[in-house]
Structure formats: structure tokens, C-alpha cells
$ cat input-v1.pdb   # PDB, C-alpha atoms
ATOM      1  CA  MET A   1     -12.348  42.517 -38.193
ATOM      2  CA  LYS A   2     -10.711  45.958 -38.248
ATOM      3  CA  LEU A   3     -13.465  47.417 -40.422
ATOM      4  CA  LEU A   4     -16.070  46.036 -38.036
ATOM      5  CA  SER A   5     -14.214  47.625 -35.139
ATOM      6  CA  LEU A   6     -14.085  50.974 -36.894
ATOM      7  CA  LEU A   7     -17.783  50.781 -37.691
ATOM      8  CA  SER A   8     -18.721  49.904 -34.095
ATOM      9  CA  ILE A   9     -16.536  52.715 -32.789
ATOM     10  CA  ALA A  10     -18.317  55.128 -35.115
ATOM     11  CA  ILE A  11     -21.719  53.918 -34.007
ATOM     12  CA  PHE A  12     -20.810  54.102 -30.343
ATOM     13  CA  LEU A  13     -19.383  57.580 -30.715
ATOM     14  CA  ALA A  14     -22.612  58.639 -32.294
ATOM     15  CA  ALA A  15     -24.949  56.885 -29.873
ATOM     16  CA  CYS A  16     -23.309  57.023 -26.474
ATOM     17  CA  ASN A  17     -20.045  57.575 -24.788
ATOM     18  CA  ASN A  18     -19.233  53.928 -24.182
ATOM     19  CA  ASN A  19     -15.477  54.026 -23.633
ATOM     20  CA  GLN A  20     -15.201  50.600 -22.081
ATOM     21  CA  GLU A  21     -16.658  48.853 -25.128
ATOM     22  CA  LYS A  22     -14.390  50.816 -27.428
ATOM     23  CA  GLN A  23     -11.312  49.677 -25.550
ATOM     24  CA  GLU A  24     -12.379  46.045 -25.555
ATOM     25  CA  THR A  25     -13.109  45.831 -29.261
ATOM     26  CA  ALA A  26      -9.976  47.748 -30.183
ATOM     27  CA  THR A  27      -7.496  45.844 -28.048
ATOM     28  CA  SER A  28      -9.018  42.350 -28.118
ATOM     29  CA  VAL A  29      -6.555  40.393 -30.198
ATOM     30  CA  THR A  30      -6.595  36.843 -28.879
ATOM     31  CA  ASP A  31     -10.163  35.564 -29.091
ATOM     32  CA  SER A  32     -13.496  37.078 -29.884
ATOM     33  CA  SER A  33     -15.445  34.941 -27.426
ATOM     34  CA  ASP A  34     -15.353  37.600 -24.732
ATOM     35  CA  VAL A  35     -17.163  39.992 -27.054
ATOM     36  CA  ALA A  36     -19.908  37.534 -28.092
ATOM     37  CA  VAL A  37     -21.280  37.046 -24.594
ATOM     38  CA  ALA A  38     -23.961  34.675 -23.321
ATOM     39  CA  ALA A  39     -24.487  32.635 -26.487
ATOM     40  CA  VAL A  40     -21.082  30.952 -26.389
ATOM     41  CA  GLN A  41     -20.977  27.382 -25.112
ATOM     42  CA  SER A  42     -18.496  26.707 -22.362
ATOM     43  CA  PRO A  43     -16.880  23.326 -21.765
ATOM     44  CA  VAL A  44     -17.592  23.655 -18.050
ATOM     45  CA  ASP A  45     -21.357  23.855 -18.575
ATOM     46  CA  PRO A  46     -22.007  20.292 -17.281
ATOM     47  CA  ILE A  47     -20.003  21.059 -14.151
ATOM     48  CA  VAL A  48     -21.979  24.248 -13.585
ATOM     49  CA  THR A  49     -25.283  22.468 -14.199
ATOM     50  CA  ALA A  50     -24.480  19.829 -11.581
ATOM     51  CA  TYR A  51     -23.488  22.567  -9.130
ATOM     52  CA  LEU A  52     -26.746  24.431  -9.780
ATOM     53  CA  ASP A  53     -28.679  21.239  -9.037
ATOM     54  CA  ILE A  54     -26.989  21.061  -5.648
ATOM     55  CA  GLN A  55     -27.912  24.687  -5.029
ATOM     56  CA  LYS A  56     -31.570  24.115  -5.861
ATOM     57  CA  ALA A  57     -31.718  21.001  -3.694
ATOM     58  CA  LEU A  58     -30.224  22.801  -0.694
ATOM     59  CA  ALA A  59     -32.633  25.697  -1.188
ATOM     60  CA  ALA A  60     -35.448  23.150  -0.973
ATOM     61  CA  ASP A  61     -33.934  21.560   2.171
ATOM     62  CA  ASP A  62     -33.519  18.359   0.186
ATOM     63  CA  ASP A  63     -30.339  16.659   1.356
ATOM     64  CA  VAL A  64     -30.952  13.534  -0.718
ATOM     65  CA  SER A  65     -31.227  15.403  -4.027
ATOM     66  CA  ALA A  66     -28.212  17.450  -3.020
ATOM     67  CA  ALA A  67     -26.242  14.245  -2.510
ATOM     68  CA  ASN A  68     -27.337  12.895  -5.889
ATOM     69  CA  ALA A  69     -26.439  16.127  -7.638
ATOM     70  CA  ALA A  70     -23.069  16.075  -5.883
ATOM     71  CA  GLN A  71     -22.475  12.617  -7.285
ATOM     72  CA  ASN A  72     -23.193  13.984 -10.762
ATOM     73  CA  LEU A  73     -20.745  16.783 -10.121
ATOM     74  CA  ALA A  74     -18.056  14.318  -9.104
ATOM     75  CA  GLU A  75     -18.771  12.343 -12.278
ATOM     76  CA  SER A  76     -18.525  15.368 -14.572
ATOM     77  CA  LEU A  77     -15.235  16.308 -12.956
ATOM     78  CA  LYS A  78     -13.911  12.789 -13.436
ATOM     79  CA  THR A  79     -14.789  12.772 -17.132
ATOM     80  CA  PHE A  80     -13.837  16.376 -17.828
ATOM     81  CA  ASP A  81     -11.265  17.004 -20.529
ATOM     82  CA  ALA A  82      -9.150  19.991 -19.546
ATOM     83  CA  SER A  83      -7.785  20.340 -23.057
ATOM     84  CA  SER A  84     -11.236  21.494 -24.175
ATOM     85  CA  LEU A  85     -10.575  24.698 -22.269
ATOM     86  CA  GLN A  86      -8.842  27.751 -23.620
ATOM     87  CA  GLU A  87      -5.246  27.817 -22.480
ATOM     88  CA  ALA A  88      -5.756  30.706 -20.085
ATOM     89  CA  ALA A  89      -8.478  28.797 -18.224
ATOM     90  CA  ARG A  90      -6.568  25.545 -17.793
ATOM     91  CA  PRO A  91      -4.444  26.452 -14.747
ATOM     92  CA  VAL A  92      -7.579  27.681 -12.986
ATOM     93  CA  TYR A  93      -9.344  24.419 -13.718
ATOM     94  CA  GLN A  94      -6.350  22.443 -12.508
ATOM     95  CA  ASP A  95      -6.332  24.465  -9.318
ATOM     96  CA  VAL A  96     -10.028  24.006  -8.532
ATOM     97  CA  GLU A  97     -10.490  20.430  -9.754
ATOM     98  CA  GLU A  98      -9.302  18.504  -6.721
ATOM     99  CA  ASP A  99     -10.962  20.864  -4.300
ATOM    100  CA  MET A 100     -14.290  20.602  -6.115
ATOM    101  CA  LYS A 101     -14.025  16.802  -6.105
ATOM    102  CA  GLU A 102     -13.457  16.793  -2.384
ATOM    103  CA  HIS A 103     -16.448  18.972  -1.631
ATOM    104  CA  ALA A 104     -18.656  17.051  -4.034
ATOM    105  CA  ASP A 105     -17.649  13.836  -2.244
ATOM    106  CA  HIS A 106     -18.353  15.333   1.154
ATOM    107  CA  ILE A 107     -21.779  16.580   0.088
ATOM    108  CA  TYR A 108     -22.549  13.115  -1.217
ATOM    109  CA  ASP A 109     -21.331  11.474   1.997
ATOM    110  CA  ASN A 110     -23.501  13.692   4.160
ATOM    111  CA  LYS A 111     -27.008  12.677   3.275
ATOM    112  CA  GLY A 112     -28.959  13.400   6.446
ATOM    113  CA  ASN A 113     -26.669  16.210   7.537
ATOM    114  CA  ILE A 114     -27.708  19.188   5.452
ATOM    115  CA  ALA A 115     -25.839  21.613   7.697
ATOM    116  CA  HIS A 116     -22.612  19.872   6.818
ATOM    117  CA  GLN A 117     -23.555  19.742   3.136
ATOM    118  CA  ARG A 118     -24.076  23.511   3.257
ATOM    119  CA  GLU A 119     -20.632  24.081   4.747
ATOM    120  CA  HIS A 120     -19.045  22.264   1.864
ATOM    121  CA  PHE A 121     -21.312  24.014  -0.611
ATOM    122  CA  ASP A 122     -19.962  27.324   0.716
ATOM    123  CA  ILE A 123     -16.383  26.429  -0.152
ATOM    124  CA  LEU A 124     -17.451  24.751  -3.400
ATOM    125  CA  SER A 125     -19.135  27.986  -4.503
ATOM    126  CA  ARG A 126     -15.844  29.825  -4.391
ATOM    127  CA  ASP A 127     -14.310  27.209  -6.675
ATOM    128  CA  VAL A 128     -17.213  27.455  -9.116
ATOM    129  CA  TYR A 129     -17.014  31.248  -9.118
ATOM    130  CA  ASP A 130     -13.319  31.182  -9.967
ATOM    131  CA  LEU A 131     -13.890  28.539 -12.621
ATOM    132  CA  VAL A 132     -16.704  30.415 -14.325
ATOM    133  CA  LYS A 133     -14.714  33.660 -14.273
ATOM    134  CA  ALA A 134     -11.934  31.872 -16.111
ATOM    135  CA  ALA A 135     -13.838  29.513 -18.391
ATOM    136  CA  GLY A 136     -17.122  31.291 -18.990
ATOM    137  CA  SER A 137     -20.635  29.891 -19.094
ATOM    138  CA  SER A 138     -23.297  29.510 -21.745
ATOM    139  CA  GLN A 139     -25.899  30.981 -19.399
ATOM    140  CA  THR A 140     -25.772  34.204 -17.440
ATOM    141  CA  LEU A 141     -25.026  33.480 -13.795
ATOM    142  CA  TYR A 142     -25.408  35.577 -10.683
ATOM    143  CA  LYS A 143     -23.106  35.743  -7.698
ATOM    144  CA  THR A 144     -25.570  36.073  -4.834
ATOM    145  CA  HIS A 145     -24.590  36.890  -1.272
ATOM    146  CA  CYS A 146     -26.262  35.829   1.954
ATOM    147  CA  PRO A 147     -25.107  38.014   4.859
ATOM    148  CA  MET A 148     -26.573  35.862   7.611
ATOM    149  CA  TYR A 149     -25.002  32.483   7.113
ATOM    150  CA  LYS A 150     -22.535  31.306   9.782
ATOM    151  CA  LYS A 151     -23.529  33.771  12.446
ATOM    152  CA  ASN A 152     -23.439  36.706  10.043
ATOM    153  CA  LYS A 153     -20.089  35.848   8.559
ATOM    154  CA  GLY A 154     -21.889  35.522   5.232
ATOM    155  CA  ALA A 155     -21.436  33.362   2.177
ATOM    156  CA  TYR A 156     -22.251  33.483  -1.509
ATOM    157  CA  TRP A 157     -23.465  31.120  -4.145
ATOM    158  CA  ILE A 158     -23.749  31.086  -7.924
ATOM    159  CA  ALA A 159     -27.313  31.152  -9.219
ATOM    160  CA  SER A 160     -28.868  30.787 -12.640
ATOM    161  CA  SER A 161     -31.482  33.422 -11.944
ATOM    162  CA  LYS A 162     -31.729  36.833 -10.295
ATOM    163  CA  GLU A 163     -34.569  35.487  -8.176
ATOM    164  CA  VAL A 164     -33.039  34.707  -4.798
ATOM    165  CA  SER A 165     -33.385  31.109  -3.610
ATOM    166  CA  ASN A 166     -31.089  30.748  -0.640
ATOM    167  CA  PRO A 167     -29.324  27.371  -0.383
ATOM    168  CA  TYR A 168     -27.847  28.158   3.065
ATOM    169  CA  MET A 169     -31.086  29.125   4.778
ATOM    170  CA  GLY A 170     -33.362  26.892   2.741
ATOM    171  CA  GLN A 171     -37.078  27.216   3.300
ATOM    172  CA  LYS A 172     -36.504  29.016   6.587
ATOM    173  CA  MET A 173     -35.500  32.179   4.738
ATOM    174  CA  PRO A 174     -35.536  31.485   1.001
ATOM    175  CA  ASP A 175     -35.294  35.051  -0.280
ATOM    176  CA  CYS A 176     -32.495  36.275   1.942
ATOM    177  CA  GLY A 177     -29.734  37.354  -0.365
ATOM    178  CA  GLU A 178     -28.520  39.989  -2.768
ATOM    179  CA  VAL A 179     -27.179  39.685  -6.289
ATOM    180  CA  GLN A 180     -23.678  41.150  -6.215
ATOM    181  CA  GLU A 181     -22.335  40.332  -9.631
ATOM    182  CA  GLU A 182     -23.481  39.112 -13.001
ATOM    183  CA  LEU A 183     -21.302  36.493 -14.646
ATOM    184  CA  LYS A 184     -21.475  35.970 -18.355
TER     185      LYS A 184
ATOM    186  CA  MET B   1     -19.728 -30.523  20.494
ATOM    187  CA  ARG B   2     -20.336 -28.068  17.678
ATOM    188  CA  TRP B   3     -19.998 -25.103  19.989
ATOM    189  CA  ARG B   4     -16.662 -26.314  21.271
ATOM    190  CA  ASN B   5     -15.326 -26.680  17.743
ATOM    191  CA  LEU B   6     -16.613 -23.236  16.846
ATOM    192  CA  ALA B   7     -14.917 -21.748  19.882
ATOM    193  CA  LEU B   8     -11.662 -23.494  19.010
ATOM    194  CA  GLY B   9     -11.970 -22.186  15.464
ATOM    195  CA  VAL B  10     -12.388 -18.614  16.655
ATOM    196  CA  VAL B  11      -9.398 -18.928  18.988
ATOM    197  CA  ALA B  12      -7.295 -20.308  16.146
ATOM    198  CA  VAL B  13      -8.258 -17.409  13.876
ATOM    199  CA  VAL B  14      -7.470 -14.857  16.568
ATOM    200  CA  ILE B  15      -4.063 -16.427  17.186
ATOM    201  CA  LEU B  16      -3.332 -16.451  13.458
ATOM    202  CA  MET B  17      -4.345 -12.784  13.226
ATOM    203  CA  GLN B  18      -1.564 -11.848  15.639
ATOM    204  CA  PHE B  19       1.008 -12.777  13.041
ATOM    205  CA  PHE B  20      -0.271 -10.133  10.664
ATOM    206  CA  GLN B  21       0.660  -6.772  12.085
ATOM    207  CA  PRO B  22      -0.235  -3.568  10.205
ATOM    208  CA  GLU B  23       2.381  -1.045   9.181
ATOM    209  CA  LYS B  24       3.146   1.571  11.778
ATOM    210  CA  ASN B  25       2.906   5.317  11.272
ATOM    211  CA  THR B  26       6.209   6.352  12.802
ATOM    212  CA  GLY B  27       7.572   9.129  10.659
ATOM    213  CA  GLN B  28       8.329  12.708  11.661
ATOM    214  CA  ARG B  29       5.510  15.028  12.630
ATOM    215  CA  GLN B  30       7.394  18.130  11.614
ATOM    216  CA  GLY B  31       9.273  18.731   8.433
ATOM    217  CA  PRO B  32       9.856  21.279   5.705
ATOM    218  CA  GLN B  33       6.316  20.714   4.406
ATOM    219  CA  SER B  34       4.495  20.513   7.695
ATOM    220  CA  LEU B  35       1.886  22.924   9.022
ATOM    221  CA  GLU B  36       4.300  24.895  11.214
ATOM    222  CA  ALA B  37       6.605  25.504   8.279
ATOM    223  CA  VAL B  38       3.931  27.161   6.168
ATOM    224  CA  MET B  39       1.737  29.072   8.596
ATOM    225  CA  PRO B  40       1.764  30.545  12.104
ATOM    226  CA  VAL B  41       0.754  28.061  14.817
ATOM    227  CA  PRO B  42       0.685  29.707  18.265
ATOM    228  CA  GLY B  43       1.888  27.620  21.232
ATOM    229  CA  PRO B  44      -1.531  26.932  22.768
ATOM    230  CA  VAL B  45      -2.907  25.876  19.383
ATOM    231  CA  LYS B  46       0.044  23.535  18.885
ATOM    232  CA  GLN B  47      -0.624  21.911  22.246
ATOM    233  CA  VAL B  48      -4.209  21.163  21.298
ATOM    234  CA  LEU B  49      -3.210  19.787  17.905
ATOM    235  CA  GLU B  50      -0.614  17.533  19.537
ATOM    236  CA  LYS B  51      -2.902  16.054  22.149
ATOM    237  CA  ALA B  52      -6.087  15.765  20.114
ATOM    238  CA  CYS B  53      -5.264  15.568  16.424
ATOM    239  CA  TYR B  54      -1.797  14.410  15.478
ATOM    240  CA  ASN B  55      -2.232  10.720  16.244
ATOM    241  CA  CYS B  56      -4.461  10.408  13.195
ATOM    242  CA  HIS B  57      -3.561  13.515  11.222
ATOM    243  CA  SER B  58       0.222  13.469  11.068
ATOM    244  CA  ASN B  59       3.092  11.198  10.073
ATOM    245  CA  HIS B  60       3.622  10.041  13.629
ATOM    246  CA  THR B  61       1.192   8.118  15.811
ATOM    247  CA  ASP B  62       1.778   7.361  19.487
ATOM    248  CA  TYR B  63       0.406   3.843  19.743
ATOM    249  CA  PRO B  64      -1.232   2.374  22.855
ATOM    250  CA  TRP B  65      -0.131  -1.078  24.128
ATOM    251  CA  TYR B  66      -3.148  -2.848  22.636
ATOM    252  CA  THR B  67      -2.115  -1.899  19.146
ATOM    253  CA  HIS B  68      -0.251  -5.227  19.140
ATOM    254  CA  VAL B  69      -3.461  -7.117  19.729
ATOM    255  CA  GLN B  70      -5.311  -7.877  16.528
ATOM    256  CA  PRO B  71      -7.864  -6.975  15.298
ATOM    257  CA  LEU B  72      -7.504  -3.812  17.425
ATOM    258  CA  GLY B  73      -4.250  -2.919  15.714
ATOM    259  CA  TRP B  74      -5.883  -3.159  12.293
ATOM    260  CA  TRP B  75      -8.783  -1.039  13.444
ATOM    261  CA  LEU B  76      -6.341   1.643  14.677
ATOM    262  CA  ALA B  77      -4.301   1.473  11.494
ATOM    263  CA  HIS B  78      -7.470   1.980   9.492
ATOM    264  CA  HIS B  79      -8.334   5.105  11.485
ATOM    265  CA  VAL B  80      -4.855   6.514  10.997
ATOM    266  CA  GLU B  81      -4.962   5.770   7.273
ATOM    267  CA  GLU B  82      -8.328   7.482   6.858
ATOM    268  CA  GLY B  83      -7.298  10.416   9.015
ATOM    269  CA  LYS B  84      -4.122  11.032   7.072
ATOM    270  CA  ALA B  85      -5.880  10.697   3.743
ATOM    271  CA  GLU B  86      -8.354  13.363   4.762
ATOM    272  CA  LEU B  87      -5.856  15.699   6.443
ATOM    273  CA  ASN B  88      -2.152  15.294   7.187
ATOM    274  CA  PHE B  89      -0.615  18.205   9.069
ATOM    275  CA  SER B  90       2.881  16.829   8.447
ATOM    276  CA  GLU B  91       2.450  17.400   4.739
ATOM    277  CA  PHE B  92       0.151  20.386   4.816
ATOM    278  CA  GLY B  93       2.551  22.529   2.806
ATOM    279  CA  GLN B  94       2.193  20.237  -0.178
ATOM    280  CA  LEU B  95      -1.372  21.386  -0.691
ATOM    281  CA  SER B  96      -2.226  24.328  -2.917
ATOM    282  CA  ALA B  97      -3.377  27.535  -1.204
ATOM    283  CA  ARG B  98      -6.921  26.704  -2.247
ATOM    284  CA  ARG B  99      -6.795  23.230  -0.667
ATOM    285  CA  GLN B 100      -5.179  24.596   2.485
ATOM    286  CA  LEU B 101      -8.004  27.088   2.792
ATOM    287  CA  SER B 102     -10.586  24.326   2.376
ATOM    288  CA  LYS B 103      -8.900  22.189   5.013
ATOM    289  CA  MET B 104      -8.739  25.051   7.506
ATOM    290  CA  LYS B 105     -12.438  25.718   7.027
ATOM    291  CA  SER B 106     -13.147  22.020   7.527
ATOM    292  CA  VAL B 107     -11.073  21.985  10.711
ATOM    293  CA  ALA B 108     -13.140  24.850  12.117
ATOM    294  CA  GLY B 109     -16.390  23.243  10.993
ATOM    295  CA  SER B 110     -15.601  19.792  12.416
ATOM    296  CA  VAL B 111     -14.528  21.149  15.776
ATOM    297  CA  GLU B 112     -17.602  23.343  15.963
ATOM    298  CA  GLU B 113     -19.846  20.439  15.049
ATOM    299  CA  GLY B 114     -18.127  18.111  17.484
ATOM    300  CA  SER B 115     -17.421  15.504  14.832
ATOM    301  CA  MET B 116     -13.697  15.942  15.571
ATOM    302  CA  PRO B 117     -11.913  14.642  17.592
ATOM    303  CA  LEU B 118     -13.733  11.391  16.793
ATOM    304  CA  PRO B 119     -15.997  10.417  19.675
ATOM    305  CA  SER B 120     -14.580   6.881  19.553
ATOM    306  CA  TYR B 121     -11.085   8.345  19.929
ATOM    307  CA  LEU B 122     -12.150  10.225  23.036
ATOM    308  CA  TRP B 123     -13.312   7.037  24.804
ATOM    309  CA  THR B 124      -9.696   5.869  24.993
ATOM    310  CA  HIS B 125      -8.044   9.315  25.044
ATOM    311  CA  PRO B 126      -9.851  11.444  27.608
ATOM    312  CA  GLU B 127      -6.957  13.929  27.523
ATOM    313  CA  ALA B 128      -7.925  14.693  23.924
ATOM    314  CA  ARG B 129     -11.323  15.991  24.958
ATOM    315  CA  LEU B 130     -11.491  19.669  24.055
ATOM    316  CA  THR B 131     -12.754  22.194  26.552
ATOM    317  CA  ASP B 132     -14.996  24.962  25.241
ATOM    318  CA  ALA B 133     -12.055  27.338  25.409
ATOM    319  CA  GLU B 134      -9.886  24.950  23.406
ATOM    320  CA  LYS B 135     -12.594  24.559  20.795
ATOM    321  CA  GLN B 136     -12.876  28.344  20.485
ATOM    322  CA  LEU B 137      -9.123  28.603  20.174
ATOM    323  CA  ILE B 138      -8.893  26.081  17.352
ATOM    324  CA  MET B 139     -11.904  27.502  15.518
ATOM    325  CA  GLU B 140     -10.578  31.042  15.662
ATOM    326  CA  TRP B 141      -7.095  30.026  14.591
ATOM    327  CA  ALA B 142      -8.414  27.888  11.739
ATOM    328  CA  ARG B 143     -10.728  30.663  10.530
ATOM    329  CA  MET B 144      -8.010  33.288  10.705
ATOM    330  CA  SER B 145      -5.678  31.012   8.792
ATOM    331  CA  ALA B 146      -8.388  30.461   6.176
ATOM    332  CA  ASP B 147      -8.959  34.213   5.874
ATOM    333  CA  SER B 148      -5.310  34.973   5.323
ATOM    334  CA  LEU B 149      -5.160  32.248   2.667
ATOM    335  CA  SER B 150      -8.058  33.751   0.757
ATOM    336  CA  ARG B 151      -6.240  37.008   0.221
TER     337      ARG B 151
END

$ encode --input "input-v1.pdb" --output "C-alpha cells"
Amino acid sequence: MKLLSLLSIAIFLAACNNNQEKQETATSVTDSSDVAVAAVQSPVDPIVTAYLDIQKALAADDDVSAANAAQNLAESLKTFDASSLQEAARPVYQDVEEDMKEHADHIYDNKGNIAHQREHFDILSRDVYDLVKAAGSSQTLYKTHCPMYKKNKGAYWIASSKEVSNPYMGQKMPDCGEVQEELK
Amino acid sequence: MRWRNLALGVVAVVILMQFFQPEKNTGQRQGPQSLEAVMPVPGPVKQVLEKACYNCHSNHTDYPWYTHVQPLGWWLAHHVEEGKAELNFSEFGQLSARRQLSKMKSVAGSVEEGSMPLPSYLWTHPEARLTDAEKQLIMEWARMSADSLSR
């Protein structure tokens, strides 16, 4: 491990002045998963996938698919095993779990009221963001911000692609939004 | 003949029902874990919460006379049970900061949408009807509370 670090430092010094990388490789003692980025599986992948299905359904103005995806989300939360997470991520999961369940249930209960589904999706997105920051994801995700939602108060969502597909505005304004952060 | 027996049957069932009274929600609205103990609640906001929300969303319900008449009493008890399960201001402090934030956002959303107070509640409690100003007040307070929780 140390030899590898020394080698990478040498290469970086030669190629470019990448101080950040140097620090990470040198001081990373606990686990190497934050160095090996997108390829690593994350235990929360099924939760994220269900969330992304809700997002796509809302972007398509499809309240019924959103409700079904929300049911899947509730299921994956029910069957999730928190011990599969790295210790540092567990308290975050425990904090978001109940909240996510509640919003998933509300989205499911509101077939026919997509505006209400979107309100809950807004709060749910914050939970998913925090969860992915702590537990990682096997795919690269994008925190995307819509400035117009809720009378310009704004809201964000987590997307699987840089291409903007706005779940809050739906087909009315599908490409309103800006990628603010990449999550790996 | 058959109709008379049916009618008698219904009367008998209704009389029997009266002997099964639901549990009453008669605890304390305020306590060490209640809303007021964990966040600022200005006077005017408190007044609105008291008149329009607390009967279903706290540990103390002010019951009308017909609560003793079944099945009305059961119907009321069911509303109170559902209301408290969804949101109980008397035990608000027991929620994590994240849950409190969610609830505050839901309060603002429901009031804006008009889904709360429950329309069926307003039929029998006209004093609980919120004026536009009262709605604004609650929405602003709930949103501000949510914002300060997200810091």
C-alpha cells in the first residue's frame, strides 16, 4: 500500500500538481473504497434505484408509476440490513430511515395528486442526498437544482444522469434545472 | 313483518353499541417534549394551533356532547388516533431534527393545499376555519421553523 502511494505521488508530481489527491492517498488509513470510486457496489443501491424510479415517473407526470415506485422504496427500506453498511454510514441511515419511509408512504397514498407527491419527493430527496453522501453509490449521481419550484423557493433532486429531467415541473418544463454536484 | 324485525334489530345493535365507549384522549397538551418546549411558537400562531389543530394533533381533545353517542364517538376516536399518529404536537420534541423538519414542511403544505384542517372537521367546528391571514401566518411560521431546523 505504502509503495503504491509513493509511486502515485511520484507520478502526480511529475504529471500535475494534484495536491488534493496526494493528501487523500497519503492519509487514507481506514478503507480504500473512497479512492476506488464509481465501481464500488453500495448496499443502498436498491434504495437509490427505487428513488430514481420515482423521479423518472414524476418527470413524466405519471403519478401511478410514482406511487408504485414509492411502494418499492418502502419495501427496500423494510428489508434493508443496516449492518451491511460501513460503521460511519449507519447513524446516517438510522436517521433517514423513518423519514424516507414516511415520504414513500405518502407518495404511494397520493395517486391522483401529483402535486402532493412532488412535495414529499422534495423532502425525500434531501434524505437520499444525505444517505448517498454517507453510504456511497455504485453509479455516479448528480444533485440537480430547480430554482422555480414552490414559487421560486427552489428544490433539488438526485439524478442518474447529467441530462436534466425535472420531476417537479414534469413535462411542463422538463429541462429546467442545473447540476450542482456530482456524487460518486 | 320483516321490515319491523330489521328495524328492531338495528335499534338493538345501536343500543348495544352505547356500552362500548372508546378511550378518551385527555392527557396534557403541553409538556417537556411538546412543540412549545422545543421551538418558538408566537402567540398568534399558538391561538390558531389551539383552535384548529390540537383536538386531533395533541394529547388532549375537547370532546363535543355527541361523543357519547356511538358510532359517532368511535368515528371521532378514529380521527384523533390517525391525527396523533401522523403528527402529535404534544410529543413533537421526541422526533429527530430531520423528522421535525419534515413535519413542519408538511404542516405548511397541508395548510396551503387546504387539506388541513380536515373539511369534515370544519363542518362541526366553524371556529376552526382559517382565514387567509391565519393560513399565511401558519405557513410562514412552519416554513421558518423548517428552515432553522435545516441549518

$ interface_residues --input "input-v1.pdb" --of "chain A" --to "chain B" --cutoff "12 Å" --atoms "only C-alpha atoms" --output "PyMOL selection string"
chain A and resi 92-103+105-106+113+115-127+130+150+153

$ atom_distance --input "input-v1.pdb" --atom1 "CA of Val44 in chain A" --atom2 "CA of Ser161 in chain A"
18.0 Å

$ resolve_selection --input "input-v1.pdb" --expression "the PyMOL selection byres ((chain B and resi 65-71) around 8)" --output "ChimeraX atom specification"
/B:14,17-18,21,63-64,72-76

$ resolve_selection --input "input-v1.pdb" --expression "the PyMOL selection byres ((chain B and resi 116-129) around 12)" --output "ChimeraX atom specification"
/B:47-57,62-66,75-76,79-80,82-83,106-115,130-135,138-139

$ write_last_selection --input "input-v1.pdb" --atoms "C-alpha atoms" --output "PDB file, in the frame of the given file"
ATOM      1  CA  GLN B  47      -0.624  21.911  22.246  1.00  0.00           C
ATOM      2  CA  VAL B  48      -4.209  21.163  21.298  1.00  0.00           C
ATOM      3  CA  LEU B  49      -3.210  19.787  17.905  1.00  0.00           C
ATOM      4  CA  GLU B  50      -0.614  17.533  19.537  1.00  0.00           C
ATOM      5  CA  LYS B  51      -2.902  16.054  22.149  1.00  0.00           C
ATOM      6  CA  ALA B  52      -6.087  15.765  20.114  1.00  0.00           C
ATOM      7  CA  CYS B  53      -5.264  15.568  16.424  1.00  0.00           C
ATOM      8  CA  TYR B  54      -1.797  14.410  15.478  1.00  0.00           C
ATOM      9  CA  ASN B  55      -2.232  10.720  16.244  1.00  0.00           C
ATOM     10  CA  CYS B  56      -4.461  10.408  13.195  1.00  0.00           C
ATOM     11  CA  HIS B  57      -3.561  13.515  11.222  1.00  0.00           C
ATOM     12  CA  ASP B  62       1.778   7.361  19.487  1.00  0.00           C
ATOM     13  CA  TYR B  63       0.406   3.843  19.743  1.00  0.00           C
ATOM     14  CA  PRO B  64      -1.232   2.374  22.855  1.00  0.00           C
ATOM     15  CA  TRP B  65      -0.131  -1.078  24.128  1.00  0.00           C
ATOM     16  CA  TYR B  66      -3.148  -2.848  22.636  1.00  0.00           C
ATOM     17  CA  TRP B  75      -8.783  -1.039  13.444  1.00  0.00           C
ATOM     18  CA  LEU B  76      -6.341   1.643  14.677  1.00  0.00           C
ATOM     19  CA  HIS B  79      -8.334   5.105  11.485  1.00  0.00           C
ATOM     20  CA  VAL B  80      -4.855   6.514  10.997  1.00  0.00           C
ATOM     21  CA  GLU B  82      -8.328   7.482   6.858  1.00  0.00           C
ATOM     22  CA  GLY B  83      -7.298  10.416   9.015  1.00  0.00           C
ATOM     23  CA  SER B 106     -13.147  22.020   7.527  1.00  0.00           C
ATOM     24  CA  VAL B 107     -11.073  21.985  10.711  1.00  0.00           C
ATOM     25  CA  ALA B 108     -13.140  24.850  12.117  1.00  0.00           C
ATOM     26  CA  GLY B 109     -16.390  23.243  10.993  1.00  0.00           C
ATOM     27  CA  SER B 110     -15.601  19.792  12.416  1.00  0.00           C
ATOM     28  CA  VAL B 111     -14.528  21.149  15.776  1.00  0.00           C
ATOM     29  CA  GLU B 112     -17.602  23.343  15.963  1.00  0.00           C
ATOM     30  CA  GLU B 113     -19.846  20.439  15.049  1.00  0.00           C
ATOM     31  CA  GLY B 114     -18.127  18.111  17.484  1.00  0.00           C
ATOM     32  CA  SER B 115     -17.421  15.504  14.832  1.00  0.00           C
ATOM     33  CA  LEU B 130     -11.491  19.669  24.055  1.00  0.00           C
ATOM     34  CA  THR B 131     -12.754  22.194  26.552  1.00  0.00           C
ATOM     35  CA  ASP B 132     -14.996  24.962  25.241  1.00  0.00           C
ATOM     36  CA  ALA B 133     -12.055  27.338  25.409  1.00  0.00           C
ATOM     37  CA  GLU B 134      -9.886  24.950  23.406  1.00  0.00           C
ATOM     38  CA  LYS B 135     -12.594  24.559  20.795  1.00  0.00           C
ATOM     39  CA  ILE B 138      -8.893  26.081  17.352  1.00  0.00           C
ATOM     40  CA  MET B 139     -11.904  27.502  15.518  1.00  0.00           C
TER      41      MET B 139
END

$ closest_residue --input "input-v1.pdb" --among "A:His145, A:Asn152, A:Val40, A:Lys162" --to "Glu178 in chain A" --atoms "all atoms listed in the file"
A:His145

$ residues_around --input "input-v1.pdb" --residues "range 46-55 of chain A" --least-positions-apart "2" --cutoff "10 Å" --atoms "only C-alpha atoms" --output "MDAnalysis selection string"
chainID A and resid 42:44 57:77 80 100 104 107 117:118 121 124:125 128:129 131:132 137:139 141 157:160 165:168 170

$ atom_distance --input "input-v1.pdb" --atom1 "CA of Gly112 in chain A" --atom2 "CA of Pro147 in chain A"
25.0 Å

$ atom_distance --input "input-v1.pdb" --atom1 "CA of Glu181 in chain A" --atom2 "CA of Tyr142 in chain A"
5.8 Å

$ resolve_selection --input "input-v1.pdb" --expression "the PyMOL selection byres ((chain B and resi 36) around 12)" --output "VMD selection string"
chain B and resid 29 to 35 37 to 43 45 to 46 49 89 to 93 145

$ closest_residue --input "input-v1.pdb" --among "A:Ala135, A:Thr144, A:Tyr156, A:Lys172" --to "Ala88 in chain A" --atoms "only C-alpha atoms"
A:Ala135
